[in-house]
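Asks: Take a look at protein-v6.cif, mmCIF, C-alpha atoms:
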data_entry
loop_
_atom_site.group_PDB
_atom_site.id
_atom_site.type_symbol
_atom_site.label_atom_id
_atom_site.label_comp_id
_atom_site.auth_asym_id
_atom_site.auth_seq_id
_atom_site.Cartn_x
_atom_site.Cartn_y
_atom_site.Cartn_z
ATOM 1 C CA MET A 1 -21.616 20.282 -45.951
ATOM 2 C CA THR A 2 -18.143 19.237 -46.982
ATOM 3 C CA ARG A 3 -17.463 15.576 -47.067
ATOM 4 C CA SER A 4 -14.561 14.512 -44.953
ATOM 5 C CA VAL A 5 -11.696 13.054 -46.932
ATOM 6 C CA ILE A 6 -10.272 11.272 -43.912
ATOM 7 C CA GLU A 7 -11.731 7.852 -43.560
ATOM 8 C CA LEU A 8 -10.772 5.520 -40.754
ATOM 9 C CA THR A 9 -11.664 1.924 -41.257
ATOM 10 C CA PRO A 10 -11.609 0.090 -37.969
ATOM 11 C CA THR A 11 -10.303 -3.432 -38.177
ATOM 12 C CA ILE A 12 -11.950 -6.368 -36.472
ATOM 13 C CA GLU A 13 -9.323 -6.100 -33.776
ATOM 14 C CA ASP A 14 -10.127 -2.405 -33.255
ATOM 15 C CA ARG A 15 -13.799 -3.223 -32.792
ATOM 16 C CA ARG A 16 -13.005 -6.035 -30.392
ATOM 17 C CA ILE A 17 -10.743 -3.827 -28.275
ATOM 18 C CA ALA A 18 -13.365 -1.071 -28.296
ATOM 19 C CA ARG A 19 -15.968 -3.533 -27.077
ATOM 20 C CA GLN A 20 -13.694 -4.807 -24.315
ATOM 21 C CA ALA A 21 -12.699 -1.277 -23.307
ATOM 22 C CA ALA A 22 -16.397 -0.343 -23.196
ATOM 23 C CA SER A 23 -17.129 -3.094 -20.676
ATOM 24 C CA ALA A 24 -14.126 -1.997 -18.592
ATOM 25 C CA ILE A 25 -15.348 1.622 -18.704
ATOM 26 C CA ALA A 26 -18.847 0.545 -17.667
ATOM 27 C CA LEU A 27 -17.412 -1.309 -14.670
ATOM 28 C CA THR A 28 -15.309 1.722 -13.669
ATOM 29 C CA VAL A 29 -18.279 4.080 -13.885
ATOM 30 C CA ALA A 30 -20.508 1.680 -11.947
ATOM 31 C CA GLU A 31 -17.817 1.269 -9.313
ATOM 32 C CA ALA A 32 -17.546 5.061 -8.905
ATOM 33 C CA ALA A 33 -21.001 4.953 -7.302
ATOM 34 C CA ILE A 34 -19.771 2.770 -4.430
ATOM 35 C CA PRO A 35 -18.929 4.856 -1.358
ATOM 36 C CA LEU A 36 -15.363 4.181 -0.250
ATOM 37 C CA PRO A 37 -13.691 4.835 3.070
ATOM 38 C CA LEU A 38 -10.402 6.195 1.786
ATOM 39 C CA PRO A 39 -9.494 7.923 -1.475
ATOM 40 C CA GLY A 40 -7.366 5.645 -3.598
ATOM 41 C CA ILE A 41 -8.975 2.420 -2.429
ATOM 42 C CA LYS A 42 -11.469 0.854 -4.801
ATOM 43 C CA PRO A 43 -12.165 -2.650 -6.040
ATOM 44 C CA GLY A 44 -10.866 -2.000 -9.564
ATOM 45 C CA LEU A 45 -13.427 -4.294 -11.170
ATOM 46 C CA ALA A 46 -12.328 -3.136 -14.628
ATOM 47 C CA ASN A 47 -9.166 -5.136 -14.087
ATOM 48 C CA ILE A 48 -11.213 -8.305 -14.460
ATOM 49 C CA VAL A 49 -11.649 -7.298 -18.104
ATOM 50 C CA THR A 50 -7.922 -6.552 -18.416
ATOM 51 C CA LEU A 51 -7.053 -9.980 -16.994
ATOM 52 C CA VAL A 52 -9.408 -11.823 -19.333
ATOM 53 C CA VAL A 53 -8.123 -9.874 -22.348
ATOM 54 C CA LEU A 54 -4.562 -10.606 -21.275
ATOM 55 C CA ALA A 55 -5.236 -14.332 -21.117
ATOM 56 C CA ARG A 56 -7.148 -14.462 -24.403
ATOM 57 C CA TRP A 57 -5.513 -11.853 -26.620
ATOM 58 C CA GLY A 58 -2.136 -11.075 -25.141
ATOM 59 C CA TRP A 59 -0.435 -8.184 -23.440
ATOM 60 C CA ARG A 60 -0.766 -5.604 -26.214
ATOM 61 C CA ALA A 61 -4.561 -5.880 -26.320
ATOM 62 C CA ALA A 62 -4.667 -5.738 -22.499
ATOM 63 C CA ALA A 63 -2.603 -2.532 -22.568
ATOM 64 C CA TRP A 64 -4.983 -0.958 -25.085
ATOM 65 C CA VAL A 65 -8.039 -1.897 -23.023
ATOM 66 C CA SER A 66 -6.501 -0.731 -19.764
ATOM 67 C CA LEU A 67 -5.265 2.638 -21.030
ATOM 68 C CA LEU A 68 -8.410 3.389 -23.054
ATOM 69 C CA ARG A 69 -10.359 2.674 -19.898
ATOM 70 C CA VAL A 70 -8.234 5.081 -17.826
ATOM 71 C CA PHE A 71 -8.688 7.939 -20.304
ATOM 72 C CA ALA A 72 -12.336 7.368 -21.209
ATOM 73 C CA ALA A 73 -13.546 6.659 -17.677
ATOM 74 C CA SER A 74 -11.802 9.768 -16.340
ATOM 75 C CA LEU A 75 -13.484 11.852 -19.073
ATOM 76 C CA LEU A 76 -16.875 10.365 -18.206
ATOM 77 C CA LEU A 77 -16.393 10.957 -14.480
ATOM 78 C CA GLY A 78 -15.003 14.470 -14.940
ATOM 79 C CA GLN A 79 -11.663 13.430 -13.505
ATOM 80 C CA PHE A 80 -9.522 13.913 -16.602
ATOM 81 C CA LEU A 81 -6.184 15.552 -15.628
ATOM 82 C CA ALA A 82 -7.339 15.760 -11.993
ATOM 83 C CA PRO A 83 -5.084 14.109 -9.390
ATOM 84 C CA GLY A 84 -7.196 10.964 -9.472
ATOM 85 C CA PHE A 85 -6.508 10.591 -13.168
ATOM 86 C CA PHE A 86 -2.747 10.620 -12.655
ATOM 87 C CA PHE A 87 -3.056 8.063 -9.857
ATOM 88 C CA GLY A 88 -5.103 5.875 -12.152
ATOM 89 C CA LEU A 89 -2.713 6.305 -15.070
ATOM 90 C CA ALA A 90 0.400 5.602 -12.994
ATOM 91 C CA GLY A 91 -1.317 2.595 -11.427
ATOM 92 C CA ALA A 92 -2.455 1.267 -14.791
ATOM 93 C CA LEU A 93 1.029 1.599 -16.325
ATOM 94 C CA ALA A 94 2.671 -0.124 -13.352
ATOM 95 C CA SER A 95 0.019 -2.850 -13.406
ATOM 96 C CA LEU A 96 0.646 -3.476 -17.094
ATOM 97 C CA VAL A 97 4.369 -3.875 -16.479
ATOM 98 C CA ALA A 98 3.607 -6.283 -13.623
ATOM 99 C CA LEU A 99 1.107 -8.183 -15.773
ATOM 100 C CA GLY A 100 3.659 -8.491 -18.558
ATOM 101 C CA ALA A 101 6.121 -10.028 -16.110
ATOM 102 C CA ALA A 102 3.549 -12.187 -14.291
ATOM 103 C CA ALA A 103 2.221 -13.597 -17.565
ATOM 104 C CA CYS A 104 5.661 -15.137 -18.171
ATOM 105 C CA LEU A 105 5.432 -17.226 -14.986
ATOM 106 C CA PRO A 106 4.780 -20.927 -15.596
ATOM 107 C CA ARG A 107 1.074 -21.256 -16.371
ATOM 108 C CA ARG A 108 0.811 -24.627 -14.673
ATOM 109 C CA TRP A 109 1.421 -22.971 -11.322
ATOM 110 C CA PHE A 110 0.393 -19.349 -11.657
ATOM 111 C CA GLY A 111 -3.028 -18.341 -12.932
ATOM 112 C CA PRO A 112 -5.046 -15.131 -13.191
ATOM 113 C CA VAL A 113 -5.137 -14.783 -9.388
ATOM 114 C CA SER A 114 -1.348 -14.381 -9.231
ATOM 115 C CA GLN A 115 -1.389 -11.926 -12.098
ATOM 116 C CA SER A 116 -4.184 -9.971 -10.446
ATOM 117 C CA ILE A 117 -2.377 -9.726 -7.121
ATOM 118 C CA PHE A 118 0.908 -8.679 -8.721
ATOM 119 C CA ALA A 119 -0.946 -6.042 -10.733
ATOM 120 C CA ALA A 120 -2.815 -4.801 -7.658
ATOM 121 C CA PHE A 121 0.393 -4.392 -5.654
ATOM 122 C CA ALA A 122 2.085 -2.655 -8.600
ATOM 123 C CA HIS A 123 -0.946 -0.363 -8.779
ATOM 124 C CA ILE A 124 -0.788 0.734 -5.151
ATOM 125 C CA GLY A 125 3.010 1.027 -5.381
ATOM 126 C CA ALA A 126 2.742 3.459 -8.268
ATOM 127 C CA GLN A 127 -0.080 5.350 -6.579
ATOM 128 C CA LEU A 128 1.946 5.756 -3.410
ATOM 129 C CA ALA A 129 5.003 6.837 -5.405
ATOM 130 C CA VAL A 130 2.967 9.532 -7.190
ATOM 131 C CA ALA A 131 1.397 10.616 -3.905
ATOM 132 C CA ARG A 132 4.773 10.814 -2.153
ATOM 133 C CA LEU A 133 6.540 12.644 -4.998
ATOM 134 C CA TRP A 134 3.775 15.023 -5.965
ATOM 135 C CA LEU A 135 0.710 15.452 -3.783
ATOM 136 C CA VAL A 136 1.859 14.679 -0.250
ATOM 137 C CA PRO A 137 5.623 15.198 -0.175
ATOM 138 C CA HIS A 138 5.936 13.742 3.292
ATOM 139 C CA ASP A 139 6.747 10.272 4.572
ATOM 140 C CA GLY A 140 3.423 10.287 6.417
ATOM 141 C CA VAL A 141 1.895 8.805 3.253
ATOM 142 C CA PHE A 142 3.578 5.536 4.053
ATOM 143 C CA TYR A 143 1.476 5.294 7.198
ATOM 144 C CA LEU A 144 -1.303 4.169 4.855
ATOM 145 C CA VAL A 145 0.762 1.412 3.224
ATOM 146 C CA PRO A 146 -0.796 -1.413 5.311
ATOM 147 C CA VAL A 147 -4.320 -0.259 4.398
ATOM 148 C CA PHE A 148 -3.483 -0.041 0.696
ATOM 149 C CA ALA A 149 -1.652 -3.359 0.789
ATOM 150 C CA ALA A 150 -4.606 -5.071 2.459
ATOM 151 C CA ALA A 151 -6.937 -3.620 -0.174
ATOM 152 C CA ALA A 152 -4.604 -4.811 -2.924
ATOM 153 C CA ALA A 153 -4.470 -8.320 -1.488
ATOM 154 C CA VAL A 154 -8.249 -8.596 -1.038
ATOM 155 C CA PHE A 155 -9.356 -6.970 -4.289
ATOM 156 C CA GLY A 156 -6.523 -8.595 -6.223
ATOM 157 C CA LEU A 157 -7.736 -11.989 -5.004
ATOM 158 C CA VAL A 158 -11.405 -11.238 -5.733
ATOM 159 C CA ASN A 159 -10.762 -9.843 -9.223
ATOM 160 C CA GLY A 160 -8.386 -12.678 -10.009
ATOM 161 C CA LEU A 161 -10.977 -15.268 -8.957
ATOM 162 C CA ALA A 162 -13.619 -13.526 -11.071
ATOM 163 C CA ALA A 163 -11.309 -13.505 -14.095
ATOM 164 C CA ALA A 164 -10.378 -17.163 -13.521
ATOM 165 C CA ALA A 165 -14.077 -18.087 -13.335
ATOM 166 C CA LEU A 166 -14.816 -16.238 -16.582
ATOM 167 C CA LEU A 167 -11.848 -17.854 -18.307
ATOM 168 C CA ARG A 168 -12.933 -21.269 -17.123
ATOM 169 C CA GLN A 169 -16.366 -20.816 -18.719
ATOM 170 C CA THR A 170 -14.768 -20.117 -22.087
ATOM 171 C CA PRO A 171 -11.132 -21.190 -21.953
ATOM 172 C CA PRO A 172 -8.569 -19.232 -24.012
ATOM 173 C CA SER A 173 -8.059 -20.537 -27.530
ATOM 174 C CA GLY A 174 -5.100 -22.771 -28.224
ATOM 175 C CA ARG A 175 -2.507 -20.064 -27.941
ATOM 176 C CA PRO A 176 0.864 -21.188 -26.617
ATOM 177 C CA GLY A 177 0.580 -18.903 -23.610
ATOM 178 C CA VAL A 178 0.249 -15.233 -22.848
ATOM 179 C CA CYS A 179 3.952 -14.627 -22.655
ATOM 180 C CA ALA A 180 4.611 -16.058 -26.096
ATOM 181 C CA ALA A 181 1.483 -14.409 -27.481
ATOM 182 C CA ALA A 182 2.684 -11.038 -26.198
ATOM 183 C CA GLY A 183 5.984 -11.655 -27.903
ATOM 184 C CA ASP A 184 4.174 -12.395 -31.160
ATOM 185 C CA ASP A 185 2.203 -9.199 -30.849
ATOM 186 C CA SER A 186 5.214 -7.022 -30.292
ATOM 187 C CA SER A 187 7.072 -8.567 -33.195
ATOM 188 C CA ARG A 188 4.124 -7.628 -35.419
ATOM 189 C CA LEU A 189 4.385 -3.951 -34.498
ATOM 190 C CA MET B 1 -19.336 -25.568 1.022
ATOM 191 C CA ARG B 2 -19.703 -26.525 -2.633
ATOM 192 C CA LEU B 3 -19.414 -22.876 -3.581
ATOM 193 C CA ALA B 4 -16.189 -22.488 -1.588
ATOM 194 C CA GLY B 5 -14.849 -25.610 -3.252
ATOM 195 C CA ALA B 6 -15.662 -24.188 -6.670
ATOM 196 C CA TRP B 7 -13.761 -20.981 -5.917
ATOM 197 C CA ARG B 8 -10.830 -22.935 -4.526
ATOM 198 C CA GLY B 9 -10.672 -24.869 -7.768
ATOM 199 C CA LEU B 10 -9.739 -21.623 -9.517
ATOM 200 C CA LEU B 11 -6.570 -21.265 -7.460
ATOM 201 C CA LEU B 12 -3.386 -22.879 -8.722
ATOM 202 C CA PRO B 13 -0.647 -23.834 -6.224
ATOM 203 C CA GLY B 14 1.439 -20.803 -7.172
ATOM 204 C CA ASP B 15 -1.585 -18.568 -6.685
ATOM 205 C CA VAL B 16 -1.903 -19.742 -3.094
ATOM 206 C CA LEU B 17 1.748 -18.805 -2.544
ATOM 207 C CA VAL B 18 1.231 -15.366 -4.089
ATOM 208 C CA VAL B 19 -1.867 -14.737 -1.965
ATOM 209 C CA ALA B 20 0.063 -15.815 1.141
ATOM 210 C CA ALA B 21 2.955 -13.518 0.197
ATOM 211 C CA GLY B 22 0.527 -10.623 -0.258
ATOM 212 C CA VAL B 23 -1.057 -11.221 3.151
ATOM 213 C CA ALA B 24 2.400 -11.593 4.725
ATOM 214 C CA PHE B 25 3.430 -8.257 3.228
ATOM 215 C CA CYS B 26 0.309 -6.613 4.705
ATOM 216 C CA ILE B 27 1.086 -8.004 8.155
ATOM 217 C CA TYR B 28 4.755 -7.023 7.903
ATOM 218 C CA ALA B 29 3.850 -3.507 6.748
ATOM 219 C CA GLY B 30 1.323 -3.164 9.557
ATOM 220 C CA LEU B 31 3.733 -4.286 12.247
ATOM 221 C CA HIS B 32 6.604 -2.251 10.855
ATOM 222 C CA LEU B 33 4.814 0.997 10.039
ATOM 223 C CA TRP B 34 2.229 1.100 12.813
ATOM 224 C CA ARG B 35 4.680 0.688 15.639
ATOM 225 C CA GLY B 36 3.918 4.260 16.673
ATOM 226 C CA GLY B 37 4.547 5.096 20.271
ATOM 227 C CA VAL B 38 7.107 2.425 21.103
ATOM 228 C CA PRO B 39 10.106 4.268 22.551
ATOM 229 C CA ASP B 40 13.613 3.358 21.444
ATOM 230 C CA GLY B 41 15.799 5.586 23.610
ATOM 231 C CA ILE B 42 16.054 8.255 26.285
ATOM 232 C CA VAL B 43 17.500 11.731 26.538
ATOM 233 C CA VAL B 44 18.323 13.154 29.942
ATOM 234 C CA ARG B 45 18.937 16.878 30.216
ATOM 235 C CA ALA B 46 20.378 18.761 33.157
ATOM 236 C CA GLY B 47 20.515 22.543 33.296
ATOM 237 C CA GLY B 48 19.504 22.709 29.625
ATOM 238 C CA GLN B 49 22.417 20.545 28.462
ATOM 239 C CA VAL B 50 22.133 16.947 27.309
ATOM 240 C CA PHE B 51 23.465 14.917 30.214
ATOM 241 C CA ALA B 52 22.967 11.404 28.862
ATOM 242 C CA GLN B 53 21.502 9.657 25.849
ATOM 243 C CA GLY B 54 20.968 5.961 25.459
ATOM 244 C CA ASP B 55 18.749 3.053 24.578
ATOM 245 C CA LEU B 56 16.138 1.277 26.651
ATOM 246 C CA SER B 57 17.503 -2.194 26.171
ATOM 247 C CA HIS B 58 19.051 -2.954 29.554
ATOM 248 C CA PRO B 59 18.094 -1.902 33.083
ATOM 249 C CA ARG B 60 20.301 0.665 34.814
ATOM 250 C CA LYS B 61 20.211 3.770 36.985
ATOM 251 C CA LEU B 62 21.489 7.237 36.174
ATOM 252 C CA ILE B 63 22.414 9.762 38.842
ATOM 253 C CA VAL B 64 22.041 13.295 37.551
ATOM 254 C CA PRO B 65 23.403 16.200 39.625
ATOM 255 C CA GLY B 66 21.388 19.410 39.780
ATOM 256 C CA PRO B 67 21.307 22.610 41.862
ATOM 257 C CA LEU B 68 19.189 20.970 44.629
ATOM 258 C CA GLY B 69 20.912 17.610 44.692
ATOM 259 C CA GLU B 70 20.864 14.342 42.816
ATOM 260 C CA THR B 71 17.996 13.104 40.636
ATOM 261 C CA VAL B 72 17.938 9.328 40.095
ATOM 262 C CA ILE B 73 16.605 8.053 36.793
ATOM 263 C CA GLU B 74 15.742 4.388 36.493
ATOM 264 C CA ILE B 75 15.715 2.675 33.119
ATOM 265 C CA GLU B 76 14.184 -0.699 32.309
ATOM 266 C CA PRO B 77 13.626 -2.355 28.947
ATOM 267 C CA GLY B 78 10.960 -0.300 27.181
ATOM 268 C CA ARG B 79 10.372 2.229 29.960
ATOM 269 C CA ALA B 80 12.026 4.773 32.222
ATOM 270 C CA ARG B 81 11.102 6.898 35.252
ATOM 271 C CA VAL B 82 12.430 9.424 37.665
ATOM 272 C CA ALA B 83 12.938 7.315 40.788
ATOM 273 C CA LEU B 84 14.145 10.010 43.178
ATOM 274 C CA ASP B 85 14.244 13.774 43.009
ATOM 275 C CA PRO B 86 15.017 16.433 45.601
ATOM 276 C CA GLY B 87 12.311 18.795 44.287
ATOM 277 C CA PRO B 88 9.609 19.910 46.750
ATOM 278 C CA ARG B 89 6.501 18.761 44.846
ATOM 279 C CA GLN B 90 7.747 15.521 43.268
ATOM 280 C CA TYR B 91 5.691 15.932 40.082
ATOM 281 C CA CYS B 92 8.238 14.148 37.915
ATOM 282 C CA VAL B 93 8.498 11.234 40.353
ATOM 283 C CA ARG B 94 4.728 10.860 40.601
ATOM 284 C CA GLN B 95 4.441 10.575 36.833
ATOM 285 C CA GLY B 96 5.720 7.056 37.269
ATOM 286 C CA TRP B 97 6.963 4.960 34.398
ATOM 287 C CA LEU B 98 7.108 6.618 30.983
ATOM 288 C CA THR B 99 6.323 4.126 28.217
ATOM 289 C CA ARG B 100 5.492 6.125 25.088
ATOM 290 C CA ALA B 101 7.740 7.808 22.550
ATOM 291 C CA GLY B 102 7.678 11.540 23.169
ATOM 292 C CA ALA B 103 6.734 11.254 26.840
ATOM 293 C CA ALA B 104 8.697 13.524 29.164
ATOM 294 C CA ALA B 105 9.102 13.982 32.913
ATOM 295 C CA ILE B 106 10.421 17.376 33.949
ATOM 296 C CA CYS B 107 11.884 18.002 37.385
ATOM 297 C CA ALA B 108 11.897 21.778 37.099
ATOM 298 C CA PRO B 109 13.344 22.678 40.517
ATOM 299 C CA ASN B 110 16.395 20.474 39.951
ATOM 300 C CA GLN B 111 16.544 21.413 36.230
ATOM 301 C CA VAL B 112 16.488 17.785 35.106
ATOM 302 C CA SER B 113 14.301 16.329 32.386
ATOM 303 C CA LEU B 114 13.798 12.827 31.045
ATOM 304 C CA THR B 115 12.419 12.299 27.527
ATOM 305 C CA LEU B 116 11.683 9.092 25.670
ATOM 306 C CA THR B 117 12.586 9.190 22.002
ATOM 307 C CA GLY B 118 11.125 7.107 19.231
ATOM 308 C CA ARG B 119 9.844 7.184 15.691
ATOM 309 C CA GLY B 120 6.222 7.719 14.835
ATOM 310 C CA GLY B 121 5.036 8.818 18.250
ATOM 311 C CA GLU B 122 1.543 10.205 18.427
ATOM 312 C CA TYR B 123 2.798 13.377 20.057
ATOM 313 C CA ASP B 124 5.797 15.624 19.667
ATOM 314 C CA SER B 125 5.942 15.722 23.427
ATOM 315 C CA LEU B 126 3.779 14.465 26.242
ATOM 316 C CA SER B 127 3.828 15.673 29.837
ATOM 317 C CA TYR B 128 1.432 15.864 32.718
#
Go ahead and express the file in the form of structure tokens.
Replies:
Amino acid sequence: MTRSVIELTPTIEDRRIARQAASAIALTVAEAAIPLPLPGIKPGLANIVTLVVLARWGWRAAAWVSLLRVFAASLLLGQFLAPGFFFGLAGALASLVALGAAACLPRRWFGPVSQSIFAAFAHIGAQLAVARLWLVPHDGVFYLVPVFAAAAAVFGLVNGLAAAALLRQTPPSGRPGVCAAAGDDSSRL
Amino acid sequence: MRLAGAWRGLLLPGDVLVVAAGVAFCIYAGLHLWRGGVPDGIVVRAGGQVFAQGDLSHPRKLIVPGPLGETVIEIEPGRARVALDPGPRQYCVRQGWLTRAGAAAICAPNQVSLTLTGRGGEYDSLSY
């Protein structure tokens, strides 16, 4: 047996992100067992993890956790490169952009619930855009907008409350705020 | 009650606004996109040609000439009907008021038809 010459040494941060992504993946897989009335509508419990990571470790870590979750969960569920995967990926990317913007809102007034709702609406927006452009090239897709929007409002609120409750138990360390922390992260790239 | 209070404590003032905006968007989207079936105009045809087109906003009467005589179409806000027709069986008159997008009353003997137009109707056309 030849010894591999390539050696990857994971940093502490790598291990932490892997652990966080693992909990997000577990939530996604567990959630896949819940029967749902309409394809495309699900609680998105993994976003609770994304929100907590965003508040504690900044946007870059949240992006890692979110995208690792999309790829790994789709592999586990046999959905990789299936339409559902592209919906999930588009939704996750749009949510991350929305989270990046929402994290810059004044923290005194806007907490994880706001971030969660913005992310949820960005998620359904991206999903609908992909559906309209690719899978169902007909304006009839928009007939479902109220259903998706209601799901986004409800699940965004629930996930945001869950993330806020978790963050209250162990408040984020004395970082100056997610927006500034994200800026720090990107300057370190 | 204490549980509800605990959850409410997790909401900041801005969060309440964002939740309200999300709910408002849902209601707006529902009202705007699920308005199916509300007519927004009429088309009257005589002898296969479009005789008149218009909206349903103000009440009026249209007199449409045909081979048997005059058909009278009555329009009111949101609905329209064939009020009088010289045809022998009066099917289009007995249909009464048309209220849905896509509904049509056809007075075949006098070659006159009345159709309600509108977006998102449940049917391409509806007749009895």
Asks: What is the distance, in Å and to one decimal place, between atom CA of Ala18 of chain A and atom CA of Ser74 of chain A?
Replies: 16.2 Å
Asks: Let me know the residues the PyMOL selection byres ((chain A and resi 141) around 12) catches in the file above, as a list in words.
Replies: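 Applying the expression gives Gly40, Ile124, Gly125, Gln127, Leu128, Ala129, Val130, Ala131, Arg132, Leu133, Trp134, Leu135, Val136, Pro137, His138, Asp139, Gly140, Phe142, Tyr143, Leu144, Val145, Pro146, Val147 and Phe148 of chain A; Leu33 of chain B.
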Asks: Pull out every residue of chain A sitting within 6 Å of chain B, counting only C-alpha atoms, and send them as an MDAnalysis selection string.
Replies: chainID A and resid 109:110 113:114 146 149:150 153
Asks: For a test of reading the model, state the distance in Å between atom CA of Gln20 of chain A and atom CA of Ser4 of chain A, rounded to one decimal.
Replies: 28.3 Å
Asks: If you measure from atom CA of Trp59 of chain A to atom CA of Ile12 of chain A, what distance in Å do you get, rounded to one decimal?
Replies: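 Answer for the atom CA of Trp59 of chain A to atom CA of Ile12 of chain A separation: 17.5 Å.
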Asks: Calculated over all atoms listed in the file, which of the candidates A:Leu51, A:Leu105, A:Leu89, A:Gly78 has the smallest distance to Leu166 of chain A?
Replies: A:Leu51
Asks: Which residues are close to Ala52 of chain B, i.e. within 6 Å by all atoms listed in the file, leaving aside same-chain residues fewer than 2 positions away? Reply as a list in words.
Replies: Val43, Val44 and Val50 of chain B
Asks: Report as a count of residues only all protein, DNA and RNA residues lying within 7 Å of segment 57-69 of chain B, evaluated on all atoms listed in the file, omitting residues in the same chain fewer than 6 positions from it.
Replies: 9
Asks: Need the neighbours of (-9.6, 0.3, 0.7): which residues are at most 6 Å away, counting only C-alpha atoms, as a PyMOL selection string?
Replies: chain A and resi 41-42+151
Asks: Run through the PyMOL selection byres ((chain A and resi 26) around 12) on the given coordinates and return the selected residues as an mmCIF file with C-alpha atoms, in the coordinates of the input.
Replies:
data_model
loop_
_atom_site.group_PDB
_atom_site.id
_atom_site.type_symbol
_atom_site.label_atom_id
_atom_site.label_comp_id
_atom_site.auth_asym_id
_atom_site.auth_seq_id
_atom_site.Cartn_x
_atom_site.Cartn_y
_atom_site.Cartn_z
ATOM 1 C CA ARG A 19 -15.968 -3.533 -27.077
ATOM 2 C CA GLN A 20 -13.694 -4.807 -24.315
ATOM 3 C CA ALA A 21 -12.699 -1.277 -23.307
ATOM 4 C CA ALA A 22 -16.397 -0.343 -23.196
ATOM 5 C CA SER A 23 -17.129 -3.094 -20.676
ATOM 6 C CA ALA A 24 -14.126 -1.997 -18.592
ATOM 7 C CA ILE A 25 -15.348 1.622 -18.704
ATOM 8 C CA LEU A 27 -17.412 -1.309 -14.670
ATOM 9 C CA THR A 28 -15.309 1.722 -13.669
ATOM 10 C CA VAL A 29 -18.279 4.080 -13.885
ATOM 11 C CA ALA A 30 -20.508 1.680 -11.947
ATOM 12 C CA GLU A 31 -17.817 1.269 -9.313
ATOM 13 C CA ALA A 32 -17.546 5.061 -8.905
ATOM 14 C CA ALA A 33 -21.001 4.953 -7.302
ATOM 15 C CA GLY A 44 -10.866 -2.000 -9.564
ATOM 16 C CA LEU A 45 -13.427 -4.294 -11.170
ATOM 17 C CA ALA A 46 -12.328 -3.136 -14.628
ATOM 18 C CA ASN A 47 -9.166 -5.136 -14.087
ATOM 19 C CA VAL A 49 -11.649 -7.298 -18.104
ATOM 20 C CA ARG A 69 -10.359 2.674 -19.898
ATOM 21 C CA VAL A 70 -8.234 5.081 -17.826
ATOM 22 C CA ALA A 72 -12.336 7.368 -21.209
ATOM 23 C CA ALA A 73 -13.546 6.659 -17.677
ATOM 24 C CA SER A 74 -11.802 9.768 -16.340
ATOM 25 C CA LEU A 76 -16.875 10.365 -18.206
ATOM 26 C CA LEU A 77 -16.393 10.957 -14.480
#
Asks: Determine the residue membership of the PyMOL selection byres ((chain A and resi 159) around 7) for the file above and supply it as a PDB file with C-alpha atoms, in the frame of the given file.
Replies:
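New file out11.pdb:
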ATOM      1  CA  LEU A  45     -13.427  -4.294 -11.170  1.00  0.00           C
ATOM      2  CA  ASN A  47      -9.166  -5.136 -14.087  1.00  0.00           C
ATOM      3  CA  ILE A  48     -11.213  -8.305 -14.460  1.00  0.00           C
ATOM      4  CA  SER A 116      -4.184  -9.971 -10.446  1.00  0.00           C
ATOM      5  CA  PHE A 155      -9.356  -6.970  -4.289  1.00  0.00           C
ATOM      6  CA  GLY A 156      -6.523  -8.595  -6.223  1.00  0.00           C
ATOM      7  CA  LEU A 157      -7.736 -11.989  -5.004  1.00  0.00           C
ATOM      8  CA  VAL A 158     -11.405 -11.238  -5.733  1.00  0.00           C
ATOM      9  CA  GLY A 160      -8.386 -12.678 -10.009  1.00  0.00           C
ATOM     10  CA  LEU A 161     -10.977 -15.268  -8.957  1.00  0.00           C
ATOM     11  CA  ALA A 162     -13.619 -13.526 -11.071  1.00  0.00           C
ATOM     12  CA  ALA A 163     -11.309 -13.505 -14.095  1.00  0.00           C
TER      13      ALA A 163
END
Asks: Do a neighbour search on Arg100 of chain B at 6 Å with only C-alpha atoms, toss out local chain neighbours closer than 5 positions, and write the hits as a PyMOL selection string.
Replies: chain B and resi 37-39
Asks: Edge lengths and centre, in Å to one decimal, as lines of an AutoDock Vina configuration file: that's what I need for the box along x, y and z that holds all listed atoms of segment 29-40 of chain B plus 5 Å on each side.
Replies:
center_x = 7.5
center_y = 0.4
center_z = 14.6
size_x = 22.3
size_y = 19.4
size_z = 25.8
Asks: Would you pick out the contacts of segment 93-95 of chain B at 12 Å or less, using only C-alpha atoms, so that residues sharing its chain but fewer than 3 positions from it are not included, and give the list as a VMD selection string?
Replies: chain B and resid 71 to 74 80 to 90 98 to 99 103 to 108 112 to 114 126 to 128
